[in-house]
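Visitor: One file: input_4.csv (CSV, C-alpha atoms and all ligand atoms).
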chain,number,residue,atom,x,y,z
U,1,MET,CA,111.4,74.6,117.1
U,2,THR,CA,111.4,73.8,120.8
U,3,ARG,CA,110.3,70.3,121.8
U,4,SER,CA,106.9,69.8,123.3
U,5,LEU,CA,106.5,69.2,127.1
U,6,VAL,CA,105.7,65.6,127.7
U,7,VAL,CA,103.0,64.9,130.3
U,8,GLY,CA,102.8,61.2,131.2
U,9,VAL,CA,99.8,59.5,132.7
U,10,LEU,CA,100.7,56.3,134.6
U,11,ALA,CA,98.8,53.6,132.8
U,12,LEU,CA,99.2,50.5,135.0
U,13,GLN,CA,95.5,50.5,136.0
U,14,GLY,CA,92.6,52.9,136.4
U,15,ALA,CA,91.3,56.0,134.6
U,16,PHE,CA,94.4,56.9,132.6
U,17,ILE,CA,92.6,57.2,129.2
U,18,GLU,CA,90.1,59.7,130.7
U,19,HIS,CA,93.0,62.0,131.8
U,20,ILE,CA,94.5,61.9,128.4
U,21,GLN,CA,91.2,62.6,126.7
U,22,ILE,CA,90.7,65.7,128.9
U,23,PHE,CA,94.2,67.0,128.3
U,24,GLU,CA,93.8,66.6,124.6
U,25,LYS,CA,90.8,68.9,124.6
U,26,ILE,CA,92.8,71.8,126.0
U,27,GLN,CA,93.9,74.6,123.7
U,28,SER,CA,97.2,76.1,124.7
U,29,PRO,CA,100.0,78.1,123.1
U,30,VAL,CA,102.4,75.7,124.7
U,31,SER,CA,103.1,72.5,122.9
U,32,TYR,CA,102.4,69.4,124.9
U,33,SER,CA,102.3,65.7,124.2
U,34,PHE,CA,100.4,63.3,126.5
U,35,ILE,CA,101.5,59.7,126.8
U,36,GLU,CA,100.6,56.6,128.6
U,37,VAL,CA,103.4,55.4,130.9
U,38,ARG,CA,104.0,51.7,131.5
U,39,THR,CA,107.8,51.5,131.2
U,40,GLU,CA,110.8,53.1,132.7
U,41,GLU,CA,111.8,54.4,129.3
U,42,GLN,CA,108.5,56.1,128.9
U,43,LEU,CA,108.7,57.6,132.4
U,44,HIS,CA,112.2,59.0,131.6
U,45,SER,CA,110.8,60.9,128.7
U,46,CYS,CA,108.2,62.7,130.9
U,47,ASP,CA,108.4,66.3,132.2
U,48,ALA,CA,105.5,65.7,134.5
U,49,LEU,CA,103.4,62.7,135.6
U,50,VAL,CA,99.7,62.2,136.5
U,51,ILE,CA,98.7,59.2,138.6
U,52,PRO,CA,95.1,58.3,137.9
U,53,GLY,CA,92.3,57.1,140.1
U,54,GLY,CA,91.5,53.4,140.1
U,55,GLU,CA,92.6,51.0,142.8
U,56,SER,CA,95.7,51.9,144.7
U,57,THR,CA,96.4,48.3,145.8
U,58,ALA,CA,96.3,47.1,142.2
U,59,ILE,CA,98.5,50.0,141.1
U,60,SER,CA,101.0,49.1,143.8
U,61,LEU,CA,101.0,45.5,142.8
U,62,ILE,CA,101.4,46.1,139.1
U,63,ALA,CA,104.1,48.6,139.7
U,64,GLN,CA,106.0,46.0,141.7
U,65,ARG,CA,105.5,43.2,139.1
U,66,THR,CA,106.6,45.4,136.3
U,67,SER,CA,109.6,46.8,138.2
U,68,MET,CA,108.2,50.3,138.0
U,69,LEU,CA,108.2,51.0,141.8
U,70,LYS,CA,111.8,52.2,142.0
U,71,PRO,CA,111.7,54.3,138.8
U,72,LEU,CA,108.6,55.9,140.1
U,73,MET,CA,110.2,56.7,143.5
U,74,ASP,CA,113.2,58.1,141.5
U,75,PHE,CA,110.8,60.2,139.4
U,76,ILE,CA,109.4,61.7,142.7
U,77,LYS,CA,113.0,62.5,143.8
U,78,SER,CA,113.7,64.2,140.5
U,79,GLU,CA,111.4,67.1,141.6
U,80,LYS,CA,109.3,67.0,138.4
U,81,PRO,CA,105.6,67.9,138.8
U,82,VAL,CA,103.3,65.0,139.9
U,83,TRP,CA,99.5,65.0,140.3
U,84,GLY,CA,97.7,62.1,141.9
U,85,THR,CA,93.9,61.8,141.7
U,86,CYS,CA,92.1,59.5,144.1
U,87,ALA,CA,94.0,56.2,144.1
U,88,GLY,CA,96.8,58.4,142.7
U,89,LEU,CA,96.7,60.6,145.8
U,90,ILE,CA,97.0,57.4,148.0
U,91,PHE,CA,100.0,56.2,145.9
U,92,LEU,CA,101.7,59.6,146.1
U,93,SER,CA,101.5,60.0,149.9
U,94,LYS,CA,104.0,59.2,152.6
U,95,GLN,CA,101.7,57.3,154.9
U,96,ILE,CA,98.3,55.6,154.6
U,97,VAL,CA,95.7,54.1,156.8
U,98,ASN,CA,93.3,51.4,155.7
U,99,GLY,CA,96.0,50.1,153.4
U,100,ARG,CA,96.4,46.4,152.4
U,101,GLU,CA,99.3,44.5,153.8
U,102,GLY,CA,102.3,44.9,151.5
U,103,GLN,CA,100.8,47.9,149.7
U,104,LYS,CA,103.6,50.3,148.5
U,105,ILE,CA,103.4,54.0,148.2
U,106,LEU,CA,105.7,56.6,146.6
U,107,GLY,CA,106.3,59.0,149.5
U,108,GLY,CA,106.1,62.3,147.5
U,109,MET,CA,103.9,64.3,149.9
U,110,ASP,CA,104.1,64.7,153.7
U,111,ILE,CA,100.5,63.5,154.2
U,112,MET,CA,98.7,60.6,155.8
U,113,VAL,CA,95.9,59.5,153.5
U,114,LYS,CA,93.0,57.4,154.6
U,115,ARG,CA,91.6,55.0,152.0
U,116,ASN,CA,87.9,54.6,151.5
U,117,ALA,CA,87.3,57.4,153.9
U,118,PHE,CA,83.6,58.0,153.2
U,119,GLY,CA,82.5,54.5,154.3
U,120,ARG,CA,80.1,52.2,152.5
U,121,GLN,CA,77.0,54.3,152.6
U,122,LEU,CA,78.7,57.0,150.5
U,123,ASN,CA,80.5,55.0,147.9
U,124,SER,CA,80.3,57.7,145.3
U,125,PHE,CA,78.9,61.2,145.0
U,126,GLU,CA,79.2,64.3,143.0
U,127,GLN,CA,79.4,67.9,144.2
U,128,LYS,CA,80.2,71.3,142.8
U,129,LEU,CA,83.1,72.8,144.7
U,130,ASP,CA,84.5,76.3,144.9
U,131,PHE,CA,88.2,76.3,143.9
U,132,SER,CA,88.4,80.0,143.2
U,133,THR,CA,91.0,80.5,146.0
U,134,PHE,CA,93.5,78.6,143.9
U,135,ILE,CA,92.1,78.4,140.4
U,136,PRO,CA,91.0,82.0,139.5
U,137,GLY,CA,87.3,82.1,138.5
U,138,VAL,CA,86.6,78.4,139.2
U,139,SER,CA,83.8,78.5,141.8
U,140,ASP,CA,81.6,75.6,140.5
U,141,PHE,CA,83.8,72.7,139.6
U,142,PRO,CA,82.0,69.4,139.2
U,143,THR,CA,83.8,66.9,141.3
U,144,VAL,CA,83.3,63.1,141.3
U,145,PHE,CA,84.2,61.1,144.5
U,146,ILE,CA,84.3,57.3,144.1
U,147,ARG,CA,85.3,55.3,147.2
U,148,ALA,CA,87.5,58.3,147.8
U,149,PRO,CA,90.4,58.8,150.2
U,150,VAL,CA,90.9,61.9,152.3
U,151,VAL,CA,94.0,63.5,153.7
U,152,GLU,CA,93.7,62.5,157.3
U,153,MET,CA,96.7,64.4,158.5
U,154,ILE,CA,99.5,66.7,157.4
U,155,LEU,CA,102.7,65.1,158.7
U,156,ASP,CA,105.2,67.2,160.6
U,157,ASP,CA,108.0,66.5,163.1
U,158,SER,CA,105.5,65.1,165.6
U,159,GLU,CA,104.4,62.3,163.2
U,160,GLU,CA,105.4,59.5,165.6
U,161,THR,CA,102.3,60.3,167.8
U,162,TYR,CA,100.0,59.3,164.9
U,163,ASN,CA,100.4,55.6,165.4
U,164,LYS,CA,97.3,55.7,167.5
U,165,LEU,CA,95.2,55.8,164.3
U,166,GLY,CA,95.8,52.1,163.7
U,167,GLU,CA,97.9,50.2,161.2
U,168,VAL,CA,99.9,52.8,159.3
U,169,ILE,CA,101.8,51.9,156.1
U,170,ARG,CA,104.8,54.1,155.4
U,171,SER,CA,106.6,54.7,152.1
U,172,GLU,CA,110.1,53.3,151.8
U,173,ASN,CA,111.2,56.3,149.7
U,174,THR,CA,113.8,58.4,151.4
U,175,TYR,CA,112.7,61.5,149.4
U,176,GLN,CA,112.1,64.7,151.5
U,177,ASN,CA,109.8,67.2,149.8
U,178,PRO,CA,111.4,70.6,150.4
U,179,SER,CA,108.1,72.5,150.4
U,180,LYS,CA,105.3,72.9,152.9
U,181,VAL,CA,102.0,71.2,152.5
U,182,GLU,CA,99.2,73.6,151.6
U,183,ILE,CA,95.5,72.6,152.0
U,184,LEU,CA,93.8,73.7,148.8
U,185,HIS,CA,90.3,72.5,149.7
U,186,GLN,CA,88.3,71.2,152.6
U,187,LEU,CA,84.7,70.0,152.4
U,188,GLU,CA,82.2,71.7,154.7
U,189,ASN,CA,82.6,68.9,157.2
U,190,GLY,CA,86.3,69.6,157.4
U,191,LEU,CA,87.6,66.7,155.3
U,192,ILE,CA,90.7,67.6,153.3
U,193,VAL,CA,90.2,66.7,149.6
U,194,ALA,CA,92.9,68.7,147.8
U,195,VAL,CA,96.5,69.4,148.9
U,196,ARG,CA,99.7,70.8,147.3
U,197,GLN,CA,103.3,70.5,148.4
U,198,GLY,CA,105.6,72.4,146.0
U,199,ASN,CA,105.1,70.8,142.6
U,200,LYS,CA,103.2,67.8,143.9
U,201,ILE,CA,99.4,67.9,144.1
U,202,GLY,CA,96.8,65.4,145.3
U,203,THR,CA,93.1,65.4,144.9
U,204,SER,CA,90.6,63.0,146.4
U,205,PHE,CA,88.2,63.4,143.5
U,206,HIS,CA,88.4,62.7,139.8
U,207,PRO,CA,88.5,65.9,137.6
U,208,GLU,CA,89.0,63.5,134.6
U,209,LEU,CA,85.6,62.0,135.0
U,210,SER,CA,83.7,65.3,134.4
U,211,ASP,CA,84.0,66.9,131.0
U,212,ASP,CA,85.3,70.2,132.5
U,213,THR,CA,88.9,70.9,131.4
U,214,ARG,CA,89.6,73.7,133.8
U,215,PHE,CA,91.4,71.7,136.5
U,216,HIS,CA,93.7,70.0,133.9
U,217,LYS,CA,94.4,73.3,132.3
U,218,TRP,CA,95.4,74.8,135.6
U,219,PHE,CA,97.7,71.9,136.3
U,220,LEU,CA,99.4,72.4,132.9
U,221,ASP,CA,99.7,76.2,133.4
U,222,GLU,CA,100.7,76.2,137.0
U,223,PHE,CA,102.8,73.1,137.4
U,224,VAL,CA,104.1,72.0,134.0
U,225,SER,CA,104.8,75.0,131.8
U,226,GLY,CA,104.8,77.7,134.6
U,227,LYS,CA,102.8,80.0,132.3
U,301,LIG,N1,89.4,53.2,147.0
U,301,LIG,C1,90.4,53.2,146.0
U,301,LIG,C2,91.8,52.8,146.4
U,301,LIG,O1,92.0,52.6,147.6
U,301,LIG,C3,90.5,54.6,145.3
U,301,LIG,C4,89.2,54.8,144.5
U,301,LIG,C5,89.4,55.6,143.3
U,301,LIG,O2,90.5,55.9,142.8
U,301,LIG,N2,88.3,56.1,142.8
U,301,LIG,O3,92.7,52.8,145.7
Could I get this file's structure written as structure tokens?
Ligand code: GLN
Guide:
Amino acid sequence: MTRSLVVGVLALQGAFIEHIQIFEKIQSPVSYSFIEVRTEEQLHSCDALVIPGGESTAISLIAQRTSMLKPLMDFIKSEKPVWGTCAGLIFLSKQIVNGREGQKILGGMDIMVKRNAFGRQLNSFEQKLDFSTFIPGVSDFPTVFIRAPVVEMILDDSEETYNKLGEVIRSENTYQNPSKVEILHQLENGLIVAVRQGNKIGTSFHPELSDDTRFHKWFLDEFVSGK
């Protein structure tokens, strides 16, 4: 028998249980196991990783205190699939604005992410979005945004000009993602809320907080098993 594919959910802080619950509802001919990841050893057993929503400053701090920052940066370098949702998108990026002093990020995607991009008035909202351009048939996905970040900019060679935006925190990871960043979804007002770069994906919203399994199923098929 072939071993199952192990999908880890980073369980330092945030909505990790919700991701595992959604994954466990999915029927698939491929054998998967879903595990909470808190240690380097658990991370090493993973074929793919999900970084949940929560609070990116707390995830950064706990990763440093538990000596998980370097193993996570190395996991990024290993080219295994990684999906970040909300705070996870912040943690996965190469640059952030509105970050806290000392906040660390993994540098897996060539994007600049702005934390808390919707301002105080719009702390959280739900919206059905059309993802059918990248997930066939999914034109009404229920998304939940909570103090959500957006992708402020796709970084390219001219990235040095972006300093104007204010205090920018840069990842210390030397990883260079070999793929191009693709915008998967922009809201009607132009804000970028889903991006992909090779086998890394980031979403501003929380698919794990609806009970719709289609986004998670797509991640497994498209990124993890390649089926
Ligand atoms: N504002 C949070 C942060 O900066 C993200 C919110 C979320 O994950 N729902 O980490």
Visitor: May I ask you to write as a ChimeraX atom specification all residues lying at most 7 Å from ligand LIG 301 (chain U), with only C-alpha atoms and all ligand atoms counted?
Guide: /U:53-57,85-88,90,115-116,145-149
Visitor: Tell me which of U:Phe223, U:Phe16, U:Phe91, U:Phe125 sits closest to U:Ala58, counting all atoms listed in the file.
Guide: U:Phe91
Visitor: Which stretch 45-104 of chain U residues have any atom within 6 Å of an atom of stretch 200-219 of chain U, and for each, what is the nearest pair of atoms with distance in Å to one decimal, counting only C-alpha atoms, rows sorted by chain and number, as a tab-separated table?
Guide:
residue	atom	partner	partner_atom	distance
U:Pro81	CA	U:Lys200	CA	5.6
U:Val82	CA	U:Lys200	CA	4.9
U:Trp83	CA	U:Ile201	CA	4.8
U:Gly84	CA	U:Gly202	CA	4.8
U:Thr85	CA	U:Thr203	CA	4.9
U:Cys86	CA	U:Ser204	CA	4.4
U:Leu89	CA	U:Gly202	CA	4.8
Visitor: Enter the distance from atom CA of U:Val144 to atom CA of U:His19, in Å, rounded to one decimal.
Guide: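 Going from atom CA of U:Val144 over to atom CA of U:His19 covers 13.6 Å.
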Visitor: Taking all atoms of stretch 213-224 of chain U that the file lists and extending 6 Å past them on each side, where is the centre of the axis-aligned box and how long are its edges? Answer in Å to one decimal, as AutoDock Vina command-line options.
Guide:
--center_x 96.5 --center_y 73.1 --center_z 134.4 --size_x 27.2 --size_y 18.2 --size_z 18.0
Visitor: Please compute the atom CA of U:Gln13-atom CA of U:Val151 distance, one decimal, in Å.
Guide: 22.0 Å
Visitor: Give the answer as one residue: which of U:Val50, U:Tyr175, U:Val181, U:Ser28 has the shortest atom-to-atom distance to U:Lys77, using all atoms listed in the file?
Guide: U:Tyr175
Visitor: Just the residues within 12 Å of U:Ser179, please, counting only C-alpha atoms, with nothing from its chain fewer than 6 positions along; format it as a count of residues only.
Guide: 11
Visitor: U:Gln127, U:Gln176, U:Asn189, U:Ser60: which is nearest U:Ser78, counting all atoms listed in the file?
Guide: U:Gln176
Visitor: Hey, can you check how far atom CA of U:Asp74 sits from atom CA of U:Leu49?
Guide: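 That distance, rounded to one decimal, is 12.3 Å.
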Visitor: Kindly indicate which residue among U:Ile26, U:Leu10, U:Ser31, U:Gln103 lies nearest to U:Ser225, using all atoms listed in the file for the distances.
Guide: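 Closest to U:Ser225, using all atoms listed in the file: U:Ser31.
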Visitor: List every protein, DNA or RNA residue that has at least one atom no more than 12 Å from (106.3, 65.0, 121.3) in the file's coordinates, counting all atoms listed in the file, and write the result as a ChimeraX atom specification.
Guide: /U:1-8,30-35,42,45-47
Visitor: Considering all atoms listed in the file, can you say which of U:Val113, U:Ala11, U:Ile62, U:Met68 comes closest to U:Ser171?
Guide: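 With all atoms listed in the file as the atom set, the closest residue is U:Val113.
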Visitor: Could you check the closest approach to U:Asn173 for each of U:Leu106, U:Met112, U:Leu220, U:Leu191 and tell me which residue wins, using all atoms listed in the file?
Guide: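 The shortest atom-to-atom distance to U:Asn173 comes from U:Leu106.
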Visitor: Can you pull out every residue within 10 Å of U:Leu129, counting all atoms listed in the file, but drop anything in the same chain fewer than 4 positions away, and send it as a list in words?
Guide: Val138, Ser139, Asp140, Phe141, Pro142, Thr143, His185, Gln186 and Leu187 of chain U
